[in-house]
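What follows is the content of upload22.pdb (PDB, C-alpha atoms and all ligand atoms).
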```
ATOM      1  CA  MET A   1     -12.537  18.179  15.454  1.00  0.00           C
ATOM      2  CA  GLU A   2     -11.062  14.714  15.913  1.00  0.00           C
ATOM      3  CA  LYS A   3      -7.587  14.220  14.420  1.00  0.00           C
ATOM      4  CA  PHE A   4      -7.731  12.052  11.320  1.00  0.00           C
ATOM      5  CA  GLU A   5      -5.588   8.914  11.520  1.00  0.00           C
ATOM      6  CA  PRO A   6      -5.747   7.079   8.201  1.00  0.00           C
ATOM      7  CA  GLU A   7      -6.027   3.344   7.875  1.00  0.00           C
ATOM      8  CA  ILE A   8      -3.518   2.128   5.319  1.00  0.00           C
ATOM      9  CA  VAL A   9      -2.999  -1.321   3.862  1.00  0.00           C
ATOM     10  CA  ALA A  10       0.386  -2.275   2.394  1.00  0.00           C
ATOM     11  CA  PHE A  11       0.656  -5.427   0.284  1.00  0.00           C
ATOM     12  CA  CYS A  12       4.315  -6.344   0.774  1.00  0.00           C
ATOM     13  CA  CYS A  13       6.301  -8.893  -1.180  1.00  0.00           C
ATOM     14  CA  HIS A  14       7.799 -11.582   1.051  1.00  0.00           C
ATOM     15  CA  TYR A  15      11.197 -11.288  -0.669  1.00  0.00           C
ATOM     16  CA  CYS A  16      11.720  -7.543  -0.389  1.00  0.00           C
ATOM     17  CA  ALA A  17       9.359  -5.090   1.309  1.00  0.00           C
ATOM     18  CA  TYR A  18       8.285  -7.511   4.037  1.00  0.00           C
ATOM     19  CA  THR A  19      11.921  -8.208   4.847  1.00  0.00           C
ATOM     20  CA  ALA A  20      12.676  -4.475   4.609  1.00  0.00           C
ATOM     21  CA  ALA A  21       9.918  -3.871   7.184  1.00  0.00           C
ATOM     22  CA  ASP A  22      11.606  -6.461   9.405  1.00  0.00           C
ATOM     23  CA  MET A  23      14.930  -4.719   8.916  1.00  0.00           C
ATOM     24  CA  ALA A  24      13.381  -1.366   9.839  1.00  0.00           C
ATOM     25  CA  GLY A  25      12.146  -3.007  13.023  1.00  0.00           C
ATOM     26  CA  SER A  26      15.472  -4.570  13.896  1.00  0.00           C
ATOM     27  CA  LYS A  27      17.239  -1.237  13.290  1.00  0.00           C
ATOM     28  CA  ARG A  28      14.603   0.439  15.449  1.00  0.00           C
ATOM     29  CA  ILE A  29      13.529   2.710  12.619  1.00  0.00           C
ATOM     30  CA  SER A  30       9.951   3.566  13.407  1.00  0.00           C
ATOM     31  CA  TYR A  31       7.142   3.968  10.898  1.00  0.00           C
ATOM     32  CA  PRO A  32       3.484   4.885  11.415  1.00  0.00           C
ATOM     33  CA  SER A  33       1.289   2.247  13.011  1.00  0.00           C
ATOM     34  CA  ASN A  34      -1.403   3.312  10.536  1.00  0.00           C
ATOM     35  CA  VAL A  35       0.177   0.923   8.016  1.00  0.00           C
ATOM     36  CA  LYS A  36      -1.151  -2.644   8.206  1.00  0.00           C
ATOM     37  CA  ILE A  37       1.067  -5.065   6.316  1.00  0.00           C
ATOM     38  CA  ILE A  38      -0.254  -7.967   4.280  1.00  0.00           C
ATOM     39  CA  ARG A  39       2.554 -10.308   3.221  1.00  0.00           C
ATOM     40  CA  VAL A  40       2.233 -11.738  -0.281  1.00  0.00           C
ATOM     41  CA  PRO A  41       4.532 -14.239  -2.043  1.00  0.00           C
ATOM     42  CA  CYS A  42       5.038 -11.740  -4.900  1.00  0.00           C
ATOM     43  CA  THR A  43       3.258  -8.514  -5.819  1.00  0.00           C
ATOM     44  CA  GLY A  44       2.241 -10.270  -9.026  1.00  0.00           C
ATOM     45  CA  LYS A  45      -0.321 -12.079  -6.846  1.00  0.00           C
ATOM     46  CA  VAL A  46      -2.001  -8.793  -5.878  1.00  0.00           C
ATOM     47  CA  ASP A  47      -4.956  -8.280  -8.145  1.00  0.00           C
ATOM     48  CA  ALA A  48      -6.936  -5.107  -8.749  1.00  0.00           C
ATOM     49  CA  ILE A  49      -9.837  -6.626  -6.815  1.00  0.00           C
ATOM     50  CA  HIS A  50      -7.640  -6.867  -3.685  1.00  0.00           C
ATOM     51  CA  LEU A  51      -6.842  -3.160  -3.874  1.00  0.00           C
ATOM     52  CA  MET A  52     -10.472  -2.217  -4.494  1.00  0.00           C
ATOM     53  CA  LYS A  53     -11.685  -4.526  -1.700  1.00  0.00           C
ATOM     54  CA  ALA A  54      -9.283  -2.935   0.795  1.00  0.00           C
ATOM     55  CA  LEU A  55     -10.660   0.496  -0.109  1.00  0.00           C
ATOM     56  CA  GLU A  56     -14.227  -0.782  -0.033  1.00  0.00           C
ATOM     57  CA  LYS A  57     -13.625  -2.265   3.432  1.00  0.00           C
ATOM     58  CA  GLY A  58     -12.526   1.088   4.828  1.00  0.00           C
ATOM     59  CA  ALA A  59      -8.851   1.609   4.056  1.00  0.00           C
ATOM     60  CA  ASP A  60      -8.071   5.257   3.294  1.00  0.00           C
ATOM     61  CA  GLY A  61      -5.072   4.303   1.175  1.00  0.00           C
ATOM     62  CA  VAL A  62      -3.446   1.171  -0.207  1.00  0.00           C
ATOM     63  CA  TYR A  63      -0.001   0.562  -1.588  1.00  0.00           C
ATOM     64  CA  VAL A  64       1.866  -2.330  -3.101  1.00  0.00           C
ATOM     65  CA  ALA A  65       5.550  -2.751  -2.258  1.00  0.00           C
ATOM     66  CA  GLY A  66       7.497  -5.039  -4.531  1.00  0.00           C
ATOM     67  CA  CYS A  67      11.015  -5.972  -5.523  1.00  0.00           C
ATOM     68  CA  LEU A  68      13.169  -3.630  -7.553  1.00  0.00           C
ATOM     69  CA  GLU A  69      12.579  -3.790 -11.287  1.00  0.00           C
ATOM     70  CA  GLY A  70      14.481  -6.762 -12.692  1.00  0.00           C
ATOM     71  CA  ASP A  71      14.690  -8.434  -9.255  1.00  0.00           C
ATOM     72  CA  CYS A  72      11.258 -10.069  -9.008  1.00  0.00           C
ATOM     73  CA  HIS A  73      11.717 -13.739  -8.062  1.00  0.00           C
ATOM     74  CA  PHE A  74       8.869 -14.620 -10.398  1.00  0.00           C
ATOM     75  CA  LYS A  75      10.272 -12.672 -13.346  1.00  0.00           C
ATOM     76  CA  ASN A  76       7.799  -9.834 -13.844  1.00  0.00           C
ATOM     77  CA  GLY A  77       5.286  -9.934 -10.980  1.00  0.00           C
ATOM     78  CA  ASN A  78       6.206  -6.410  -9.937  1.00  0.00           C
ATOM     79  CA  ILE A  79       5.639  -5.142 -13.495  1.00  0.00           C
ATOM     80  CA  ARG A  80       2.202  -6.764 -13.545  1.00  0.00           C
ATOM     81  CA  ALA A  81       1.453  -5.234 -10.133  1.00  0.00           C
ATOM     82  CA  LEU A  82       2.380  -1.773 -11.397  1.00  0.00           C
ATOM     83  CA  ALA A  83      -0.012  -2.191 -14.333  1.00  0.00           C
ATOM     84  CA  ARG A  84      -2.794  -3.203 -11.932  1.00  0.00           C
ATOM     85  CA  VAL A  85      -2.105  -0.244  -9.648  1.00  0.00           C
ATOM     86  CA  ASP A  86      -2.297   2.053 -12.683  1.00  0.00           C
ATOM     87  CA  ARG A  87      -5.585   0.443 -13.706  1.00  0.00           C
ATOM     88  CA  VAL A  88      -7.041   0.949 -10.211  1.00  0.00           C
ATOM     89  CA  LYS A  89      -5.879   4.584 -10.256  1.00  0.00           C
ATOM     90  CA  LYS A  90      -7.900   5.074 -13.456  1.00  0.00           C
ATOM     91  CA  VAL A  91     -10.970   3.419 -11.912  1.00  0.00           C
ATOM     92  CA  LEU A  92     -10.686   5.638  -8.819  1.00  0.00           C
ATOM     93  CA  THR A  93     -10.433   8.728 -11.021  1.00  0.00           C
ATOM     94  CA  GLU A  94     -13.577   7.655 -12.891  1.00  0.00           C
ATOM     95  CA  LEU A  95     -15.327   7.243  -9.537  1.00  0.00           C
ATOM     96  CA  GLY A  96     -14.246  10.721  -8.466  1.00  0.00           C
ATOM     97  CA  TRP A  97     -11.816   9.402  -5.839  1.00  0.00           C
ATOM     98  CA  GLU A  98      -8.224  10.613  -5.588  1.00  0.00           C
ATOM     99  CA  PRO A  99      -5.903   8.245  -7.522  1.00  0.00           C
ATOM    100  CA  GLU A 100      -3.147   9.012  -4.982  1.00  0.00           C
ATOM    101  CA  ARG A 101      -4.952   6.667  -2.593  1.00  0.00           C
ATOM    102  CA  VAL A 102      -3.248   3.794  -4.420  1.00  0.00           C
ATOM    103  CA  ALA A 103       0.484   3.510  -5.096  1.00  0.00           C
ATOM    104  CA  MET A 104       3.237   1.135  -6.121  1.00  0.00           C
ATOM    105  CA  VAL A 105       6.758   1.256  -4.690  1.00  0.00           C
ATOM    106  CA  ASN A 106       9.835  -0.881  -5.248  1.00  0.00           C
ATOM    107  CA  MET A 107      12.595  -1.718  -2.817  1.00  0.00           C
ATOM    108  CA  SER A 108      15.090  -4.410  -1.898  1.00  0.00           C
ATOM    109  CA  ALA A 109      15.139  -6.461   1.286  1.00  0.00           C
ATOM    110  CA  GLY A 110      17.960  -4.320   2.664  1.00  0.00           C
ATOM    111  CA  MET A 111      16.061  -1.042   2.357  1.00  0.00           C
ATOM    112  CA  GLY A 112      14.639  -0.765   5.857  1.00  0.00           C
ATOM    113  CA  GLU A 113      15.003   3.023   5.786  1.00  0.00           C
ATOM    114  CA  LYS A 114      13.117   3.224   2.493  1.00  0.00           C
ATOM    115  CA  PHE A 115      10.346   1.043   3.886  1.00  0.00           C
ATOM    116  CA  ALA A 116       9.932   3.362   6.877  1.00  0.00           C
ATOM    117  CA  ARG A 117      10.179   6.510   4.719  1.00  0.00           C
ATOM    118  CA  THR A 118       7.591   5.164   2.261  1.00  0.00           C
ATOM    119  CA  ALA A 119       5.190   4.345   5.108  1.00  0.00           C
ATOM    120  CA  GLN A 120       5.722   7.835   6.553  1.00  0.00           C
ATOM    121  CA  GLU A 121       5.315   9.659   3.242  1.00  0.00           C
ATOM    122  CA  PHE A 122       2.269   7.654   2.150  1.00  0.00           C
ATOM    123  CA  THR A 123       0.625   8.240   5.529  1.00  0.00           C
ATOM    124  CA  GLU A 124       1.233  11.984   5.162  1.00  0.00           C
ATOM    125  CA  THR A 125      -0.224  11.955   1.643  1.00  0.00           C
ATOM    126  CA  ILE A 126      -3.377  10.212   2.840  1.00  0.00           C
ATOM    127  CA  LYS A 127      -3.677  12.511   5.860  1.00  0.00           C
ATOM    128  CA  LYS A 128      -3.731  15.460   3.451  1.00  0.00           C
ATOM    129  CA  LEU A 129      -6.404  13.787   1.309  1.00  0.00           C
ATOM    130  CA  GLY A 130      -8.577  13.041   4.343  1.00  0.00           C
ATOM    131  CA  PRO A 131     -10.833  10.055   4.941  1.00  0.00           C
ATOM    132  CA  SER A 132     -11.754   7.779   2.078  1.00  0.00           C
ATOM    133  CA  PRO A 133     -14.841   8.966   0.148  1.00  0.00           C
ATOM    134  CA  GLY A 134     -16.300   5.527   0.902  1.00  0.00           C
ATOM    135  CA  LYS A 135     -16.232   6.356   4.616  1.00  0.00           C
ATOM    136  CA  LEU A 136     -17.816   9.754   4.057  1.00  0.00           C
ATOM    137  CA  THR A 137     -20.709   8.245   2.132  1.00  0.00           C
ATOM    138  CA  GLY A 138     -21.030   5.364   4.549  1.00  0.00           C
ATOM    139  CA  ASN A 139     -20.050   2.815   1.900  1.00  0.00           C
ATOM    140  CA  GLY A 140     -16.778   1.915   3.581  1.00  0.00           C
ATOM    141  CA  ASN A 141     -16.614  -0.656   6.324  1.00  0.00           C
ATOM    142  CA  LYS A 142     -14.026  -0.731   9.048  1.00  0.00           C
ATOM    143  CA  VAL A 143     -10.768  -2.493   8.176  1.00  0.00           C
ATOM    144  CA  ALA A 144     -10.296  -5.450  10.492  1.00  0.00           C
ATOM    145  CA  SER A 145      -7.146  -5.136  12.561  1.00  0.00           C
TER     146      SER A 145
HETATM  147 FE1  LIG A 201       9.016  -9.618  -5.059  1.00  0.00          FE
HETATM  148 FE2  LIG A 201       7.859 -10.576  -7.279  1.00  0.00          FE
HETATM  149  S1  LIG A 201       9.076 -11.641  -5.866  1.00  0.00           S
HETATM  150  S2  LIG A 201       7.726  -8.582  -6.421  1.00  0.00           S
END
```
Give the structure from this file in structure tokens form.
Ligand code: FES
Amino acid sequence: MEKFEPEIVAFCCHYCAYTAADMAGSKRISYPSNVKIIRVPCTGKVDAIHLMKALEKGADGVYVAGCLEGDCHFKNGNIRALARVDRVKKVLTELGWEPERVAMVNMSAGMGEKFARTAQEFTETIKKLGPSPGKLTGNGNKVAS
């Protein structure tokens, strides 16, 4: 049987997680290439439809990485993002999908190690879950790389 390599989309805030990813790179801390980063100006701009679309288009897991609580440059974007992630988790549960396919994490720009560890841990979680149910039913399309 072919080894399952999940496709993961990470919506990363420009001010923290995206910079943390950069820091991981400059410190030569590796993280799985399964994770495709989408830079956003603030996680408050990530709507539930973006998370659902990523899953619909073939991602096996999606996470949102925002600033630490109290550090959002737009006041409470990361709090709004967490609420949206929770809402999508509920929708996935209603659909019979595993809610663990969606997650929210917080970090600062200096947390390159945390960025890499999060990418590693989330990839492992999704590997254990297996391919997205959308792929198994043929409803998922390939994520563009
Ligand atoms: Fe980073 Fe809002 S500016 S989450």
Exercise for the section: Output the residue selection produced by the PyMOL selection byres (((not hetatm)) within 12 of (chain A and resi 201)) on the file above, formatted as a VMD selection string. Expected result: chain A and resid 11 to 20 39 to 46 64 to 82 104 to 109
Exercise for the section: Taking the file as shown, find all residues satisfying the PyMOL selection byres (((chain A and resi 48) around 12) and not hetatm) and write them as a PyMOL selection string. Expected result: chain A and resi 11+43-47+49-55+62-64+80-92+102-103
So which residues touch Lys36 in chain A within 8 Å, counting only C-alpha atoms, skipping near sequence neighbours fewer than 2 positions away, as a short mmCIF file (atom, residue, chain, number, x, y, z; two decimals) with C-alpha atoms, in the coordinates of the input?
```cif
data_model
loop_
_atom_site.label_atom_id
_atom_site.label_comp_id
_atom_site.auth_asym_id
_atom_site.auth_seq_id
_atom_site.Cartn_x
_atom_site.Cartn_y
_atom_site.Cartn_z
CA GLU A 7 -6.03 3.34 7.88
CA ILE A 8 -3.52 2.13 5.32
CA VAL A 9 -3.00 -1.32 3.86
CA ALA A 10 0.39 -2.28 2.39
CA SER A 33 1.29 2.25 13.01
CA ASN A 34 -1.40 3.31 10.54
CA ILE A 38 -0.25 -7.97 4.28
CA SER A 145 -7.15 -5.14 12.56
#
```
Problem - CA of Lys127 in chain A to CA of Pro99 in chain A, distance in Å rounded to a single decimal - result: 14.2 Å
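Of the residues under consideration (A:Gly96, A:Ile37, A:Thr125, A:Lys3), A:Ile37 shows the shortest atom-to-atom contact distance to Asp22 in chain A when counting all atoms listed in the file.
Minimum distance to Glu98 in chain A across A:Lys57, A:Phe115, A:Gln120, A:Lys128 (counting all atoms listed in the file) occurs at A:Lys128.
Relative to CA of Lys114 in chain A, CA of Ser26 in chain A is found at 14.0 Å.
Among the candidate residues A:Arg117, A:Trp97, A:Ile29, A:Gly110, the one lying nearest to Glu56 in chain A is A:Trp97, with distances computed using only C-alpha atoms.
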Exercise for the section: Check the smallest atom-to-atom distance from each of A:Leu95, A:Glu100, A:Ala21, A:Gly58 to Phe122 in chain A using all atoms listed in the file, then report the winner. Expected result: A:Glu100
